[in-house]
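Reading through the structure tokens given below for one structure.
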Amino acid sequence: MRLPRALRMWRLRHLPPRIPPENPLELGAWGEAVAVRHFWKQGWRILERNYVYGKAEIDVIAEDHGELVILEIRTRVDPNVHPSETITARKSEKISQAAHQYIQRHCAGCQHFRFDTASVIVAADRRSYVIDHQRAMF
């Protein structure tokens with residue numbers, strides 16, 4: 001069941017908790033919420049979150065100045081591994097398949113689209129974070 005637009009927008013505008021959770025699944029959800037809010041504040045139009053096609057999931061589908069953006073978000077606390085390095089060839093292939101299916105269904109006239117990554121890097125003390133946005137990654 002899809003939430004009404006007003007409720008989805010209300011959820012976008014409210015900040016996630018300031019302290020990232022310890023649980024890895026909750027940390028991932030927290031990182032997605034932080035990144036979505038960041039891009040929304042930059043003027044992106046959020047079209048879909050957690051879009052599923054088969055076994056593939058796209059974290060965020062958005063529009064940035066008329067260009068469709070397929071966004072994969074990764075969140076990590078480990079300073080030795082950059083979050084974008086955890087995206088495997090298999091994962092990027094699944095995201096590509098889901099993206100092409102989305103474009104065929106919802107945006108047949110889209111000529112410009114790109115695949116971006118957003119890495120939410122949390123400090124070891126969990127008091128701060130940085131969002132590293134990389135355009136056209138795959």
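Identifiers in the structure tokens: chain A, B, ... in order shown; residue index from 1 per chain; ligand index from 1 in order shown.
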Those in chain A with strand (DSSP E or B) from DSSP, as a PyMOL selection string: chain A and resi 45-53+56-64+67-76+113-122+129-134
Generate the output file for the selected residues, N, CA and C atoms, as a short mmCIF file (atom, residue, chain, number, x, y, z; two decimals), in the first residue's frame.
data_model
loop_
_atom_site.label_atom_id
_atom_site.label_comp_id
_atom_site.auth_asym_id
_atom_site.auth_seq_id
_atom_site.Cartn_x
_atom_site.Cartn_y
_atom_site.Cartn_z
N ARG A 45 13.58 16.25 -6.69
CA ARG A 45 12.21 15.76 -6.53
C ARG A 45 12.30 14.24 -6.32
N ILE A 46 11.90 13.76 -5.16
CA ILE A 46 11.97 12.34 -4.83
C ILE A 46 10.74 11.67 -5.43
N LEU A 47 10.96 10.75 -6.37
CA LEU A 47 9.86 10.08 -7.06
C LEU A 47 9.50 8.75 -6.39
N GLU A 48 10.50 7.99 -6.01
CA GLU A 48 10.28 6.67 -5.39
C GLU A 48 11.37 6.42 -4.37
N ARG A 49 10.99 5.67 -3.33
CA ARG A 49 11.97 5.14 -2.37
C ARG A 49 11.76 3.64 -2.29
N ASN A 50 12.86 2.91 -2.25
CA ASN A 50 12.83 1.45 -2.13
C ASN A 50 11.97 0.80 -3.21
N TYR A 51 12.23 1.17 -4.45
CA TYR A 51 11.51 0.61 -5.60
C TYR A 51 12.02 -0.80 -5.86
N VAL A 52 11.11 -1.77 -5.89
CA VAL A 52 11.47 -3.17 -6.04
C VAL A 52 11.00 -3.70 -7.39
N TYR A 53 11.91 -4.40 -8.07
CA TYR A 53 11.59 -5.10 -9.30
C TYR A 53 12.27 -6.47 -9.21
N ALA A 56 15.61 -7.15 -7.22
CA ALA A 56 16.41 -5.93 -7.17
C ALA A 56 15.65 -4.81 -6.48
N GLU A 57 16.38 -3.97 -5.78
CA GLU A 57 15.78 -2.81 -5.15
C GLU A 57 16.61 -1.57 -5.46
N ILE A 58 15.92 -0.51 -5.81
CA ILE A 58 16.56 0.79 -6.01
C ILE A 58 16.23 1.62 -4.78
N ASP A 59 17.25 2.15 -4.13
CA ASP A 59 17.02 2.92 -2.91
C ASP A 59 16.19 4.17 -3.17
N VAL A 60 16.59 4.95 -4.17
CA VAL A 60 15.89 6.21 -4.46
C VAL A 60 15.86 6.44 -5.97
N ILE A 61 14.70 6.85 -6.46
CA ILE A 61 14.58 7.35 -7.82
C ILE A 61 14.14 8.80 -7.68
N ALA A 62 14.90 9.69 -8.28
CA ALA A 62 14.63 11.12 -8.11
C ALA A 62 14.82 11.85 -9.42
N GLU A 63 14.44 13.12 -9.39
CA GLU A 63 14.64 13.99 -10.54
C GLU A 63 15.50 15.16 -10.09
N ASP A 64 16.60 15.38 -10.80
CA ASP A 64 17.52 16.48 -10.50
C ASP A 64 17.60 17.38 -11.73
N GLU A 67 16.65 15.66 -14.94
CA GLU A 67 17.36 14.41 -15.22
C GLU A 67 16.94 13.36 -14.19
N LEU A 68 16.60 12.17 -14.68
CA LEU A 68 16.22 11.07 -13.80
C LEU A 68 17.49 10.52 -13.15
N VAL A 69 17.44 10.33 -11.82
CA VAL A 69 18.59 9.84 -11.07
C VAL A 69 18.21 8.56 -10.34
N ILE A 70 18.98 7.51 -10.59
CA ILE A 70 18.85 6.25 -9.87
C ILE A 70 19.94 6.30 -8.81
N LEU A 71 19.55 6.30 -7.55
CA LEU A 71 20.50 6.55 -6.47
C LEU A 71 20.63 5.34 -5.55
N GLU A 72 21.84 4.84 -5.42
CA GLU A 72 22.16 3.77 -4.47
C GLU A 72 22.82 4.43 -3.27
N ILE A 73 22.30 4.15 -2.08
CA ILE A 73 22.81 4.76 -0.86
C ILE A 73 23.48 3.69 -0.01
N ARG A 74 24.69 3.98 0.44
CA ARG A 74 25.43 3.07 1.31
C ARG A 74 25.83 3.83 2.57
N THR A 75 25.72 3.17 3.72
CA THR A 75 26.08 3.78 4.99
C THR A 75 27.08 2.89 5.71
N ARG A 76 28.14 3.47 6.20
CA ARG A 76 29.16 2.69 6.90
C ARG A 76 29.76 3.51 8.04
N PHE A 113 19.22 10.07 -18.02
CA PHE A 113 19.21 9.50 -16.68
C PHE A 113 20.61 9.08 -16.32
N ARG A 114 20.84 8.97 -15.02
CA ARG A 114 22.16 8.59 -14.55
C ARG A 114 22.04 7.74 -13.28
N PHE A 115 23.12 7.02 -12.99
CA PHE A 115 23.20 6.19 -11.80
C PHE A 115 24.21 6.83 -10.84
N ASP A 116 23.74 7.28 -9.69
CA ASP A 116 24.60 7.92 -8.70
C ASP A 116 24.72 7.05 -7.45
N THR A 117 25.75 7.32 -6.66
CA THR A 117 25.85 6.73 -5.34
C THR A 117 25.97 7.84 -4.31
N ALA A 118 25.40 7.59 -3.16
CA ALA A 118 25.56 8.49 -2.02
C ALA A 118 26.10 7.64 -0.88
N SER A 119 27.25 8.00 -0.39
CA SER A 119 27.87 7.28 0.71
C SER A 119 27.72 8.11 1.97
N VAL A 120 27.07 7.55 2.97
CA VAL A 120 26.93 8.22 4.26
C VAL A 120 28.00 7.60 5.16
N ILE A 121 29.00 8.40 5.48
CA ILE A 121 30.13 7.92 6.26
C ILE A 121 29.99 8.49 7.67
N VAL A 122 29.81 7.59 8.62
CA VAL A 122 29.56 7.98 10.01
C VAL A 122 30.88 7.92 10.78
N TYR A 129 28.60 12.87 10.60
CA TYR A 129 28.62 12.08 9.38
C TYR A 129 28.89 13.00 8.19
N VAL A 130 29.30 12.38 7.09
CA VAL A 130 29.56 13.09 5.84
C VAL A 130 28.83 12.34 4.74
N ILE A 131 28.25 13.08 3.79
CA ILE A 131 27.62 12.46 2.63
C ILE A 131 28.51 12.72 1.43
N ASP A 132 28.99 11.64 0.83
CA ASP A 132 29.83 11.74 -0.36
C ASP A 132 28.98 11.32 -1.56
N HIS A 133 28.64 12.29 -2.41
CA HIS A 133 27.79 12.03 -3.57
C HIS A 133 28.67 11.89 -4.80
N GLN A 134 28.53 10.77 -5.47
CA GLN A 134 29.28 10.54 -6.70
C GLN A 134 28.30 10.35 -7.85
#
Enumerate as a VMD selection string all residues of chain A assigned to alpha helix (DSSP H) by DSSP on the backbone, naming them with the chain letters and numbers the document uses. chain A and resid 5 to 13 24 to 41 89 to 106
What does the distance between CA of Pro21 (chain A) and CA of Arg37 (chain A) come to in Å, to one decimal place?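 Going from CA of Pro21 (chain A) over to CA of Arg37 (chain A) covers 17.4 Å.
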Would you mind telling me which residue in A:Val77, A:His65, A:Thr86, A:Tyr102 lies nearest to Asn23 (chain A) when using only C-alpha atoms? A:Val77
Just to confirm, what's the straight-line distance from CA of Met137 (chain A) to CA of His100 (chain A) in Å (one decimal)?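 Separation between CA of Met137 (chain A) and CA of His100 (chain A): 16.0 Å.
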Which residue of A:Gly43, A:Ala108, A:Leu25, A:Asn80 approaches Ala124 (chain A) most closely, using only C-alpha atoms: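 Closest candidate: A:Asn80.
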Distance CA of His38 (chain A)-CA of Arg135 (chain A), one decimal place?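 That distance, rounded to one decimal, is 14.9 Å.
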Neighbouring residues of Gly54 (chain A) were defined as those with any atom within 10 Å, considering only C-alpha atoms; residues of the same chain fewer than 4 positions away were excluded. Please report them as a list in words.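 Contacts, with the query itself left out: Lys94, Gln97 and Ala98 of chain A.
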Selection to disk with N, CA and C atoms, as a compact mmCIF listing (two decimals), in the first residue's frame:
# COMPACT_ATOMS: atom_id res chain seq x y z
N LYS A 94 21.82 -5.66 -11.10
CA LYS A 94 20.42 -5.74 -10.62
C LYS A 94 19.78 -4.35 -10.61
N GLN A 97 18.95 -3.34 -14.19
CA GLN A 97 17.75 -4.02 -14.69
C GLN A 97 16.48 -3.39 -14.13
N ALA A 98 16.48 -3.13 -12.83
CA ALA A 98 15.31 -2.51 -12.21
C ALA A 98 15.09 -1.10 -12.75
